[in-house]
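S.K.: Input file: protein.txt. Contents: compact mmCIF, C-alpha atoms and all ligand atoms.
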# COMPACT_ATOMS: atom_id res chain seq x y z
CA MET T 1443 -16.38 -46.06 -8.24
CA GLU T 1444 -13.61 -43.61 -9.03
CA GLN T 1445 -13.80 -40.40 -7.06
CA GLN T 1446 -14.78 -37.27 -8.97
CA LYS T 1447 -11.79 -35.07 -9.81
CA THR T 1448 -11.72 -31.37 -8.99
CA VAL T 1449 -10.12 -28.78 -11.23
CA LEU T 1450 -9.47 -25.34 -9.83
CA LEU T 1451 -9.95 -23.02 -12.80
CA GLY T 1452 -8.06 -19.75 -12.50
CA VAL T 1453 -9.33 -16.97 -14.73
CA THR T 1454 -7.20 -13.86 -15.30
CA GLY T 1455 -8.07 -10.52 -16.85
CA CYS T 1456 -8.03 -10.49 -20.62
CA ILE T 1457 -10.53 -10.61 -23.43
CA ALA T 1458 -10.19 -14.41 -23.69
CA ALA T 1459 -11.73 -14.69 -20.18
CA TYR T 1460 -15.09 -15.49 -21.78
CA LYS T 1461 -13.57 -18.67 -23.22
CA ALA T 1462 -13.11 -19.92 -19.64
CA CYS T 1463 -16.89 -20.50 -19.60
CA GLU T 1464 -16.55 -23.00 -22.45
CA ILE T 1465 -13.56 -24.65 -20.80
CA LEU T 1466 -15.59 -25.00 -17.63
CA ARG T 1467 -18.56 -26.56 -19.47
CA LEU T 1468 -16.34 -29.02 -21.35
CA LEU T 1469 -14.70 -30.10 -18.09
CA GLN T 1470 -18.10 -30.56 -16.47
CA LYS T 1471 -19.26 -32.58 -19.49
CA ALA T 1472 -16.29 -34.87 -18.88
CA GLY T 1473 -17.49 -35.40 -15.31
CA VAL T 1474 -15.04 -33.07 -13.58
CA ARG T 1475 -16.01 -30.77 -10.70
CA VAL T 1476 -14.80 -27.24 -11.34
CA ARG T 1477 -14.18 -24.48 -8.82
CA VAL T 1478 -13.31 -21.04 -10.09
CA VAL T 1479 -10.94 -18.43 -8.76
CA MET T 1480 -10.59 -15.10 -10.56
CA THR T 1481 -8.31 -12.13 -10.46
CA GLU T 1482 -9.92 -8.77 -9.82
CA ALA T 1483 -9.26 -7.81 -13.47
CA ALA T 1484 -10.94 -10.98 -14.75
CA THR T 1485 -14.19 -9.95 -13.04
CA LYS T 1486 -14.25 -6.88 -15.32
CA PHE T 1487 -14.47 -9.19 -18.35
CA VAL T 1488 -16.83 -11.91 -17.05
CA GLY T 1489 -18.89 -11.55 -13.90
CA PRO T 1490 -18.32 -14.09 -11.10
CA SER T 1491 -22.07 -14.77 -11.13
CA THR T 1492 -21.68 -16.35 -14.60
CA PHE T 1493 -19.25 -18.91 -13.17
CA GLU T 1494 -21.35 -19.31 -10.02
CA GLY T 1495 -24.37 -20.05 -12.22
CA LEU T 1496 -22.39 -22.70 -14.09
CA THR T 1497 -20.71 -24.32 -11.07
CA HIS T 1498 -23.34 -23.73 -8.35
CA GLU T 1499 -20.38 -22.94 -6.13
CA ARG T 1500 -18.97 -19.77 -4.64
CA VAL T 1501 -16.52 -17.99 -6.94
CA LEU T 1502 -13.80 -16.08 -5.14
CA SER T 1503 -11.58 -13.26 -6.37
CA SER T 1504 -10.44 -11.70 -3.09
CA PHE T 1505 -9.14 -12.76 0.32
CA PHE T 1506 -11.63 -10.55 2.05
CA GLY T 1507 -15.37 -10.21 2.44
CA GLU T 1508 -16.49 -12.88 -0.06
CA GLY T 1509 -17.32 -15.76 2.21
CA ASP T 1510 -16.76 -17.22 5.61
CA ASP T 1511 -13.53 -19.07 4.80
CA PRO T 1512 -10.67 -17.31 6.61
CA ILE T 1513 -7.94 -18.92 4.46
CA PRO T 1514 -9.60 -19.40 1.05
CA HIS T 1515 -6.36 -19.73 -0.96
CA ILE T 1516 -5.18 -22.68 1.11
CA ASN T 1517 -8.49 -24.48 0.97
CA LEU T 1518 -8.94 -23.88 -2.75
CA ALA T 1519 -5.43 -25.25 -3.35
CA HIS T 1520 -6.11 -28.30 -1.15
CA GLU T 1521 -9.29 -29.21 -2.96
CA ALA T 1522 -7.68 -29.22 -6.41
CA ASP T 1523 -6.50 -32.32 -8.25
CA LEU T 1524 -5.20 -29.88 -10.84
CA PHE T 1525 -4.97 -26.10 -11.04
CA LEU T 1526 -5.64 -24.80 -14.57
CA ILE T 1527 -5.09 -21.11 -15.24
CA ALA T 1528 -6.85 -20.27 -18.51
CA PRO T 1529 -6.56 -17.71 -19.85
CA CYS T 1530 -3.32 -16.75 -18.15
CA THR T 1531 -2.16 -13.20 -18.88
CA ALA T 1532 1.49 -12.20 -19.36
CA ASN T 1533 1.17 -10.42 -16.01
CA THR T 1534 0.06 -13.52 -14.12
CA LEU T 1535 2.71 -15.62 -15.94
CA ALA T 1536 5.32 -13.19 -14.61
CA LYS T 1537 3.94 -13.37 -11.08
CA LEU T 1538 3.83 -17.17 -11.16
CA ALA T 1539 7.41 -17.31 -12.43
CA MET T 1540 8.53 -15.05 -9.57
CA GLY T 1541 6.37 -16.68 -6.90
CA VAL T 1542 4.46 -13.46 -6.29
CA ALA T 1543 1.32 -14.04 -4.21
CA ASP T 1544 -0.44 -10.71 -4.29
CA ASN T 1545 -3.96 -11.92 -5.00
CA LEU T 1546 -6.11 -14.95 -4.26
CA LEU T 1547 -5.31 -16.70 -7.55
CA THR T 1548 -1.52 -16.34 -7.35
CA SER T 1549 -1.57 -17.23 -3.64
CA ALA T 1550 -3.55 -20.40 -4.39
CA ALA T 1551 -1.00 -21.23 -7.11
CA LEU T 1552 1.83 -20.89 -4.62
CA ALA T 1553 -0.02 -23.00 -2.07
CA CYS T 1554 -0.97 -25.67 -4.62
CA THR T 1555 0.85 -28.99 -4.54
CA ALA T 1556 -1.29 -30.49 -7.34
CA PRO T 1557 -0.14 -30.20 -11.00
CA VAL T 1558 -0.44 -26.68 -12.40
CA MET T 1559 -1.28 -25.96 -16.04
CA VAL T 1560 -1.33 -22.58 -17.72
CA ALA T 1561 -2.84 -21.59 -21.05
CA PRO T 1562 -1.45 -18.15 -21.88
CA ALA T 1563 -3.25 -15.52 -23.91
CA ALA T 1564 -1.79 -12.13 -24.80
CA ASN T 1565 -1.15 -9.68 -27.57
CA VAL T 1566 1.50 -11.05 -29.96
CA ASN T 1567 4.18 -8.58 -28.85
CA MET T 1568 3.50 -9.24 -25.16
CA TYR T 1569 3.50 -12.99 -25.77
CA CYS T 1570 6.70 -13.00 -27.82
CA HIS T 1571 8.50 -10.55 -25.52
CA PRO T 1572 11.67 -12.15 -24.16
CA ALA T 1573 10.44 -11.52 -20.60
CA THR T 1574 7.23 -13.50 -21.19
CA GLN T 1575 9.09 -16.26 -23.03
CA ALA T 1576 11.62 -16.48 -20.19
CA ASN T 1577 8.76 -16.69 -17.66
CA ILE T 1578 7.14 -19.48 -19.65
CA GLN T 1579 10.45 -21.34 -19.71
CA THR T 1580 10.90 -20.86 -15.95
CA LEU T 1581 7.46 -22.32 -15.32
CA ARG T 1582 8.15 -25.23 -17.66
CA ASP T 1583 11.45 -25.96 -15.93
CA ARG T 1584 9.50 -26.05 -12.67
CA GLY T 1585 7.12 -28.69 -14.01
CA VAL T 1586 4.22 -26.45 -14.96
CA LYS T 1587 2.48 -27.66 -18.12
CA VAL T 1588 2.21 -24.77 -20.57
CA ILE T 1589 -0.40 -25.04 -23.31
CA GLU T 1590 1.06 -22.78 -25.98
CA ALA T 1591 -1.05 -19.99 -27.41
CA ASP T 1592 -2.25 -20.36 -31.00
CA SER T 1593 -1.49 -18.06 -33.90
CA GLY T 1594 -4.18 -16.07 -35.65
CA TYR T 1595 -6.14 -12.84 -35.55
CA LEU T 1596 -6.08 -11.40 -32.06
CA ALA T 1597 -8.83 -9.37 -30.44
CA CYS T 1598 -6.58 -6.30 -30.51
CA GLY T 1599 -6.44 -6.47 -34.32
CA ASP T 1600 -2.85 -7.71 -34.50
CA GLU T 1601 -2.06 -11.03 -36.09
CA GLY T 1602 0.34 -13.59 -34.66
CA LYS T 1603 0.87 -15.85 -31.71
CA GLY T 1604 -1.06 -15.10 -28.55
CA ARG T 1605 -4.59 -16.44 -29.03
CA LEU T 1606 -5.72 -18.76 -26.27
CA ALA T 1607 -5.45 -22.40 -27.39
CA GLU T 1608 -8.76 -24.02 -28.37
CA PRO T 1609 -10.88 -24.84 -25.27
CA GLN T 1610 -11.21 -28.46 -26.40
CA GLU T 1611 -7.45 -28.81 -26.72
CA ILE T 1612 -6.94 -27.35 -23.24
CA VAL T 1613 -9.57 -29.62 -21.74
CA ASP T 1614 -8.17 -32.72 -23.47
CA GLU T 1615 -4.79 -31.95 -21.98
CA VAL T 1616 -6.32 -31.51 -18.52
CA LEU T 1617 -8.21 -34.80 -18.81
CA ARG T 1618 -5.05 -36.55 -19.92
CA GLN T 1619 -3.16 -35.14 -16.97
CA LEU T 1620 -5.95 -36.22 -14.62
CA GLY T 1621 -5.88 -39.71 -16.13
CA VAL T 1622 -9.51 -39.52 -17.25
CA ALA T 1623 -8.98 -38.93 -20.99
CA LYS T 1624 -11.31 -40.66 -23.44
CA GLY T 1625 -8.34 -42.51 -24.92
CA ASP T 1626 -10.25 -44.66 -27.40
CA MET T 1627 -7.27 -44.50 -29.79
CA GLN T 1628 -4.72 -45.54 -27.19
CA GLY T 1629 -2.03 -47.75 -28.72
CA MET T 1630 -2.94 -46.90 -32.34
CA LYS T 1631 -0.39 -45.52 -34.76
CA VAL T 1632 -1.76 -42.88 -37.11
CA MET T 1633 0.03 -41.26 -40.05
CA ILE T 1634 -1.43 -38.20 -41.72
CA THR T 1635 -0.24 -36.35 -44.81
CA ALA T 1636 -1.13 -32.66 -44.63
CA GLY T 1637 -0.79 -29.33 -46.37
CA PRO T 1638 0.26 -28.60 -49.95
CA THR T 1639 3.39 -29.73 -51.74
CA ILE T 1640 5.57 -27.28 -53.61
CA GLU T 1641 7.20 -28.19 -56.88
CA PRO T 1642 10.18 -26.04 -57.89
CA ILE T 1643 10.53 -24.49 -61.32
CA ASP T 1644 13.88 -22.90 -60.47
CA PRO T 1645 15.55 -21.88 -57.18
CA VAL T 1646 13.03 -19.06 -56.58
CA ARG T 1647 9.75 -20.20 -58.19
CA TYR T 1648 7.43 -23.09 -57.57
CA ILE T 1649 4.00 -24.52 -58.33
CA THR T 1650 1.67 -25.13 -55.38
CA ASN T 1651 -1.97 -24.88 -54.26
CA PHE T 1652 -4.12 -23.17 -51.60
CA SER T 1653 -4.08 -25.95 -48.99
CA SER T 1654 -3.50 -24.57 -45.45
CA GLY T 1655 -2.98 -27.89 -43.69
CA LYS T 1656 -5.72 -27.10 -41.15
CA THR T 1657 -7.74 -30.24 -41.87
CA GLY T 1658 -4.78 -32.62 -41.54
CA TYR T 1659 -3.50 -30.86 -38.43
CA SER T 1660 -6.98 -30.89 -36.83
CA LEU T 1661 -7.18 -34.62 -37.42
CA ALA T 1662 -3.71 -35.10 -35.96
CA ASN T 1663 -4.59 -33.05 -32.90
CA ALA T 1664 -7.86 -34.90 -32.32
CA ALA T 1665 -6.21 -38.33 -32.73
CA ALA T 1666 -3.42 -37.38 -30.31
CA ARG T 1667 -5.97 -36.11 -27.77
CA ARG T 1668 -7.67 -39.51 -28.03
CA GLY T 1669 -4.44 -41.27 -27.17
CA ALA T 1670 -3.06 -42.20 -30.61
CA ASP T 1671 0.61 -42.06 -31.54
CA VAL T 1672 0.48 -39.58 -34.44
CA THR T 1673 2.93 -38.60 -37.18
CA ILE T 1674 2.17 -35.85 -39.69
CA VAL T 1675 4.02 -35.83 -42.98
CA SER T 1676 3.60 -32.17 -43.72
CA GLY T 1677 4.11 -29.89 -46.67
CA PRO T 1678 4.95 -26.24 -45.93
CA VAL T 1679 2.20 -24.77 -43.72
CA ALA T 1680 1.79 -21.94 -41.23
CA VAL T 1681 -0.13 -24.06 -38.69
CA ASP T 1682 1.47 -24.92 -35.34
CA ALA T 1683 2.28 -28.56 -34.66
CA PRO T 1684 -0.21 -30.03 -32.15
CA VAL T 1685 1.17 -30.95 -28.71
CA GLY T 1686 2.57 -34.49 -28.64
CA VAL T 1687 2.54 -35.06 -32.41
CA LYS T 1688 5.64 -35.90 -34.50
CA VAL T 1689 5.96 -33.80 -37.65
CA VAL T 1690 8.09 -34.86 -40.63
CA ARG T 1691 8.52 -31.78 -42.83
CA VAL T 1692 8.76 -32.12 -46.59
CA GLN T 1693 8.36 -29.85 -49.58
CA THR T 1694 7.80 -31.81 -52.78
CA ALA T 1695 5.42 -34.65 -53.60
CA GLN T 1696 8.39 -36.95 -54.12
CA GLN T 1697 9.70 -36.16 -50.61
CA MET T 1698 6.19 -36.63 -49.18
CA PHE T 1699 6.00 -40.00 -50.94
CA GLU T 1700 9.33 -41.15 -49.53
CA ALA T 1701 8.50 -40.01 -45.98
CA SER T 1702 5.04 -41.62 -46.18
CA GLU T 1703 6.57 -44.85 -47.46
CA ARG T 1704 8.67 -44.97 -44.29
CA GLU T 1705 5.71 -44.31 -41.97
CA PHE T 1706 3.03 -46.41 -43.67
CA PRO T 1707 4.16 -49.96 -42.74
CA ASN T 1708 3.86 -49.19 -39.00
CA ALA T 1709 0.58 -47.29 -39.24
CA ASP T 1710 -2.79 -48.70 -38.17
CA ILE T 1711 -4.58 -45.75 -39.72
CA ALA T 1712 -3.25 -43.75 -42.69
CA ILE T 1713 -5.02 -40.52 -43.56
CA PHE T 1714 -4.04 -38.74 -46.76
CA ALA T 1715 -5.21 -35.17 -46.24
CA ALA T 1716 -2.44 -33.47 -48.21
CA ALA T 1717 -3.21 -31.59 -51.40
CA VAL T 1718 -0.42 -33.19 -53.37
CA ALA T 1719 0.53 -31.48 -56.63
CA ASP T 1720 -0.32 -33.97 -59.36
CA MET T 1721 2.39 -32.56 -61.62
CA ARG T 1722 5.84 -31.09 -61.16
CA PRO T 1723 8.13 -29.26 -63.58
CA ALA T 1724 10.05 -32.08 -65.25
CA ASP T 1725 13.33 -30.25 -64.69
CA CYS T 1726 14.13 -27.73 -62.00
CA ALA T 1727 16.42 -25.10 -63.58
CA PRO T 1728 19.68 -24.80 -61.62
CA ASN T 1729 19.59 -20.97 -61.83
CA LYS T 1730 16.79 -18.43 -61.77
CA LEU T 1731 15.15 -18.26 -65.18
CA LYS T 1732 15.20 -14.71 -66.51
CA LYS T 1733 11.95 -13.18 -67.74
CA ARG T 1734 13.50 -11.98 -71.00
CA LEU T 1735 16.39 -14.33 -71.66
CA ASP T 1736 14.50 -17.47 -70.69
CA ALA T 1737 11.02 -16.41 -71.83
CA GLU T 1738 10.72 -19.38 -74.14
CA ALA T 1739 11.83 -21.82 -71.42
CA LEU T 1740 9.33 -20.30 -68.98
CA LYS T 1741 6.48 -20.51 -71.49
CA ALA T 1742 7.29 -24.10 -72.30
CA ILE T 1743 7.76 -25.59 -68.85
CA LYS T 1744 7.33 -29.33 -69.22
CA LEU T 1745 5.48 -31.17 -66.52
CA ALA T 1746 6.02 -34.67 -65.20
CA GLU T 1747 3.55 -36.72 -63.18
CA ASN T 1748 4.03 -37.04 -59.42
CA PRO T 1749 3.50 -40.36 -57.66
CA ASP T 1750 -0.05 -40.92 -56.37
CA ILE T 1751 0.97 -41.49 -52.75
CA ILE T 1752 -2.28 -42.89 -51.41
CA ALA T 1753 -2.89 -45.19 -54.40
CA SER T 1754 0.64 -46.47 -54.38
CA LEU T 1755 0.76 -47.23 -50.63
CA ALA T 1756 -2.82 -48.50 -50.32
CA SER T 1757 -2.26 -51.03 -53.11
CA GLY T 1758 0.03 -52.88 -50.71
CA LYS T 1759 -1.92 -52.27 -47.51
CA THR T 1760 -2.00 -54.95 -44.85
CA LYS T 1761 -3.51 -53.87 -41.54
CA GLN T 1762 -3.99 -50.19 -42.41
CA THR T 1763 -7.32 -48.41 -42.58
CA VAL T 1764 -6.76 -46.01 -45.48
CA VAL T 1765 -8.57 -42.69 -45.67
CA GLY T 1766 -8.38 -40.24 -48.56
CA PHE T 1767 -9.91 -36.92 -49.44
CA ALA T 1768 -11.76 -35.77 -52.52
CA ALA T 1769 -11.92 -32.04 -53.01
CA GLU T 1770 -14.28 -31.49 -55.91
CA THR T 1771 -15.97 -28.58 -57.61
CA GLN T 1772 -18.73 -30.78 -59.11
CA ASP T 1773 -20.32 -34.22 -58.66
CA VAL T 1774 -18.72 -34.47 -55.24
CA ILE T 1775 -20.12 -37.82 -54.11
CA GLU T 1776 -19.86 -39.53 -57.50
CA ASN T 1777 -16.20 -38.57 -57.81
CA ALA T 1778 -15.50 -39.67 -54.26
CA ARG T 1779 -16.98 -43.11 -55.02
CA ILE T 1780 -14.66 -43.46 -57.99
CA LYS T 1781 -11.69 -42.49 -55.78
CA LEU T 1782 -12.67 -45.00 -53.10
CA GLU T 1783 -12.18 -47.78 -55.66
CA ALA T 1784 -9.29 -46.31 -57.61
CA LYS T 1785 -7.19 -45.68 -54.52
CA ASN T 1786 -8.12 -48.85 -52.63
CA ALA T 1787 -9.28 -46.68 -49.72
CA ASP T 1788 -11.64 -47.61 -46.88
CA LEU T 1789 -13.09 -44.13 -46.60
CA ILE T 1790 -13.09 -40.97 -48.70
CA ILE T 1791 -13.91 -37.65 -47.14
CA ALA T 1792 -15.52 -35.58 -49.84
CA ASN T 1793 -16.01 -31.86 -49.87
CA GLN T 1794 -16.83 -29.14 -52.30
CA VAL T 1795 -14.09 -26.65 -53.15
CA GLY T 1796 -14.04 -23.39 -55.04
CA ASN T 1797 -15.65 -20.03 -54.24
CA GLY T 1798 -13.74 -19.79 -50.95
CA ARG T 1799 -14.93 -23.19 -49.75
CA ALA T 1800 -12.78 -25.72 -47.84
CA PHE T 1801 -9.21 -24.57 -48.58
CA GLY T 1802 -7.83 -22.41 -45.79
CA THR T 1803 -11.17 -22.08 -44.00
CA ASP T 1804 -11.81 -22.97 -40.34
CA GLY T 1805 -14.92 -25.02 -41.04
CA ASN T 1806 -16.30 -27.36 -43.67
CA GLU T 1807 -19.24 -29.49 -44.81
CA ILE T 1808 -18.29 -33.04 -45.76
CA TRP T 1809 -19.58 -36.38 -46.97
CA LEU T 1810 -18.14 -39.62 -45.59
CA VAL T 1811 -18.05 -41.99 -48.54
CA GLY T 1812 -17.39 -45.59 -47.53
CA LYS T 1813 -18.00 -49.06 -48.91
CA GLU T 1814 -21.25 -49.28 -46.95
CA GLY T 1815 -22.68 -45.96 -48.10
CA THR T 1816 -22.46 -42.20 -47.74
CA GLU T 1817 -23.10 -40.00 -44.71
CA HIS T 1818 -23.51 -36.24 -44.84
CA VAL T 1819 -21.91 -34.14 -42.09
CA PRO T 1820 -23.26 -30.56 -42.00
CA PHE T 1821 -20.97 -27.52 -41.80
CA MET T 1822 -18.96 -27.35 -38.59
CA MET T 1823 -15.53 -26.28 -37.36
CA LYS T 1824 -12.59 -28.45 -38.45
CA PRO T 1825 -11.68 -29.65 -34.90
CA GLU T 1826 -15.24 -30.98 -34.42
CA LEU T 1827 -15.25 -32.52 -37.88
CA ALA T 1828 -11.97 -34.23 -37.06
CA ASN T 1829 -13.58 -36.13 -34.18
CA ILE T 1830 -16.51 -37.19 -36.36
CA VAL T 1831 -14.10 -38.49 -39.00
CA LEU T 1832 -12.13 -40.39 -36.34
CA ASP T 1833 -15.36 -41.89 -34.93
CA LYS T 1834 -16.18 -43.12 -38.43
CA ILE T 1835 -12.70 -44.60 -38.91
CA LEU T 1836 -12.98 -46.49 -35.60
CA GLN T 1837 -16.41 -47.74 -36.65
CA ILE T 1838 -14.98 -49.06 -39.94
CA ARG T 1839 -12.11 -50.76 -38.08
CA ALA T 1840 -14.55 -52.36 -35.63
CA CYS T 1841 -16.49 -53.89 -38.58
CA ASN T 1842 -13.38 -55.32 -40.28
O1 LIG A 1901 -6.83 -37.93 -57.19
P1 LIG A 1901 -6.96 -36.83 -56.21
O2 LIG A 1901 -5.76 -35.96 -56.13
O3 LIG A 1901 -8.20 -36.00 -56.35
O4 LIG A 1901 -7.13 -37.58 -54.80
C1 LIG A 1901 -7.11 -36.93 -53.60
C2 LIG A 1901 -6.61 -37.87 -52.54
O5 LIG A 1901 -5.42 -38.50 -52.96
C3 LIG A 1901 -6.22 -37.15 -51.27
O6 LIG A 1901 -6.43 -38.02 -50.20
C4 LIG A 1901 -4.75 -36.86 -51.48
O7 LIG A 1901 -4.06 -36.67 -50.26
C5 LIG A 1901 -4.29 -38.09 -52.20
N1 LIG A 1901 -3.20 -37.90 -53.15
C6 LIG A 1901 -1.97 -38.48 -52.94
N2 LIG A 1901 -0.98 -38.33 -53.86
C7 LIG A 1901 -1.18 -37.63 -54.98
C8 LIG A 1901 -2.42 -37.04 -55.22
C9 LIG A 1901 -3.41 -37.19 -54.29
O8 LIG A 1901 -1.78 -39.11 -51.89
N3 LIG A 1901 -0.21 -37.50 -55.85
Output the file's structure in the form of structure tokens.
Ligand code: C5P

M.R.:
Amino acid sequence: MEQQKTVLLGVTGCIAAYKACEILRLLQKAGVRVRVVMTEAATKFVGPSTFEGLTHERVLSSFFGEGDDPIPHINLAHEADLFLIAPCTANTLAKLAMGVADNLLTSAALACTAPVMVAPAANVNMYCHPATQANIQTLRDRGVKVIEADSGYLACGDEGKGRLAEPQEIVDEVLRQLGVAKGDMQGMKVMITAGPTIEPIDPVRYITNFSSGKTGYSLANAAARRGADVTIVSGPVAVDAPVGVKVVRVQTAQQMFEASEREFPNADIAIFAAAVADMRPADCAPNKLKKRLDAEALKAIKLAENPDIIASLASGKTKQTVVGFAAETQDVIENARIKLEAKNADLIIANQVGNGRAFGTDGNEIWLVGKEGTEHVPFMMKPELANIVLDKILQIRACN
């Protein structure tokens, strides 16, 4: 039997410290032993007894007076198959980059010969500061795996990059590094269309929709974490590209069609999560149309139909499992059934839109509409939903 792996989890002092508890639980769920080392500041955010309760092991934050081990940093470092520092503050990043060893955590990092991973978390200005970015680069150059912070609302009220990456994403990366990842999509090629398309009226105006790309990107992230080789064909979005995923950026439906046409033949699984504009202005004016001078032209914009990407590609499918989406305001399941047929898909993921539902949100309630029937999946966060959708796709492939 394979020996149980040990992760040394370093927790530093910032508001995201509470998320280390979830990281710890997810690692334990995956069969990993976790030992925790904290900075003094981290203990002000989450008490060591919380981690001791979860690990049933001594949690250390100081060289002195916390146990009978005279050289705790060396022994902690020796035990580790991997040292994960999450969350890692800008301060600890700086110390690691400089090789400072002024507390138990940074000393253990210096003494550690196992792979080191850091998941930074900081206020957007601290994170984007050239000093922090240079420290991150120094660590990368030294072989430290850096799990980039996400963008979003930060605890301090600012918005931007600096939020700790999702615990599941961090844990998946750790498991991959340890060679114990789930990997049930290893060797599979997955293409995913995501986000909106934009259809120009003139050089400064366009038609688009509210799609944020979060669903497609969550699916891409989950598939990559499960070992798949993933390409996203993406309309303009503000979401960060998941680690290890190739992104082909497009703007219009026609460009998305052409990029998808190139990716589709090699794909084992093709997921069409993009909200493609069905229509585009028939002609894009070469110059900005003027409100007064071109009022008639603006009022009479003619529309032309865009290619239906999924229907067009799925009509010639060979080995691909084809998955589409149906965002509906009414008769959700009935409409999804019609789409399953019309688009020659193997699965349609149906959801209700309107009144703030689905578009741009972090969670969703969906129905999985397949040839064998319909399954309801209650409201949950998009990363969790993504794994349920992938489970379903693998189940369909296993039956074919
Ligand atoms: O027909 P409808 O737009 O409602 O179908 C939605 C599904 O079709 C989604 O999977 C979407 O990504 C895909 N689609 C497409 N090309 C279009 C329109 C929709 O691939 N032009």

S.K.: Using atom CA of Thr1448 of chain T and atom CA of Val1476 of chain T as the two end points, give the distance in Å to one decimal.

M.R.: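 So the answer is 5.7 Å.
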
S.K.: Can you work out which residues are within 7 Å of ligand LIG 1901 (chain A), considering all atoms listed in the file, and then hand them over as a list in words?

M.R.: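 Final answer, ordered by chain and number: Thr1635, Ala1695, Phe1714, Ala1715, Ala1716, Ala1717, Val1718, Ala1719, Asp1720, Asn1748, Pro1749, Asp1750, Ile1751, Ile1752, Ala1753, Val1765, Gly1766, Phe1767, Ala1768, Ala1769 and Lys1781 of chain T.
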
S.K.: With distances taken over only C-alpha atoms, which residue among T:Ala1666, T:Ile1835, T:Val1479, T:Leu1827 lies nearest Val1764 of chain T?

M.R.: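 Looking at the shortest contact to Val1764 of chain T, the residue is T:Ile1835.
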
S.K.: Which one is closest to Pro1557 of chain T: T:Leu1606, T:Val1588, T:Ala1724, T:Ala1472? Count all atoms listed in the file.

M.R.: T:Val1588

S.K.: Edge lengths and centre, in Å to one decimal, as AutoDock Vina command-line options: that's what I need for the box along x, y and z that holds all listed atoms of segment 1630-1636 of chain T plus 5 Å on each side.

M.R.:
--center_x -1.5 --center_y -39.8 --center_z -38.6 --size_x 13.0 --size_y 24.2 --size_z 22.5

S.K.: Which one is closest to Arg1668 of chain T: T:Pro1642, T:Gly1805, T:Gly1758, T:Gly1629? Count all atoms listed in the file.

M.R.: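 The closest residue to Arg1668 of chain T is T:Gly1629.
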
S.K.: Can you pull out the residues contacting Ile1612 of chain T? Cut-off 12 Å, using only C-alpha atoms, and skip same-chain residues under 2 positions away; I want them as a PyMOL selection string.

M.R.: chain T and resi 1451+1461-1462+1464-1466+1468-1469+1526-1529+1559-1562+1587-1592+1606-1610+1614-1619+1623+1663-1664+1667+1684-1685

S.K.: May I have the residues within 7 Å of Pro1678 of chain T as a ChimeraX atom specification, using all atoms listed in the file and disregarding those fewer than 2 positions away in the same chain?

M.R.: /T:1637-1639,1676,1693

S.K.: For a quick check of understanding, using only C-alpha atoms, which of T:Ser1549, T:Asn1793, T:Ser1702, T:Ser1757 has the smallest distance to Val1632 of chain T?

M.R.: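 Looking at the shortest contact to Val1632 of chain T, the residue is T:Ser1702.
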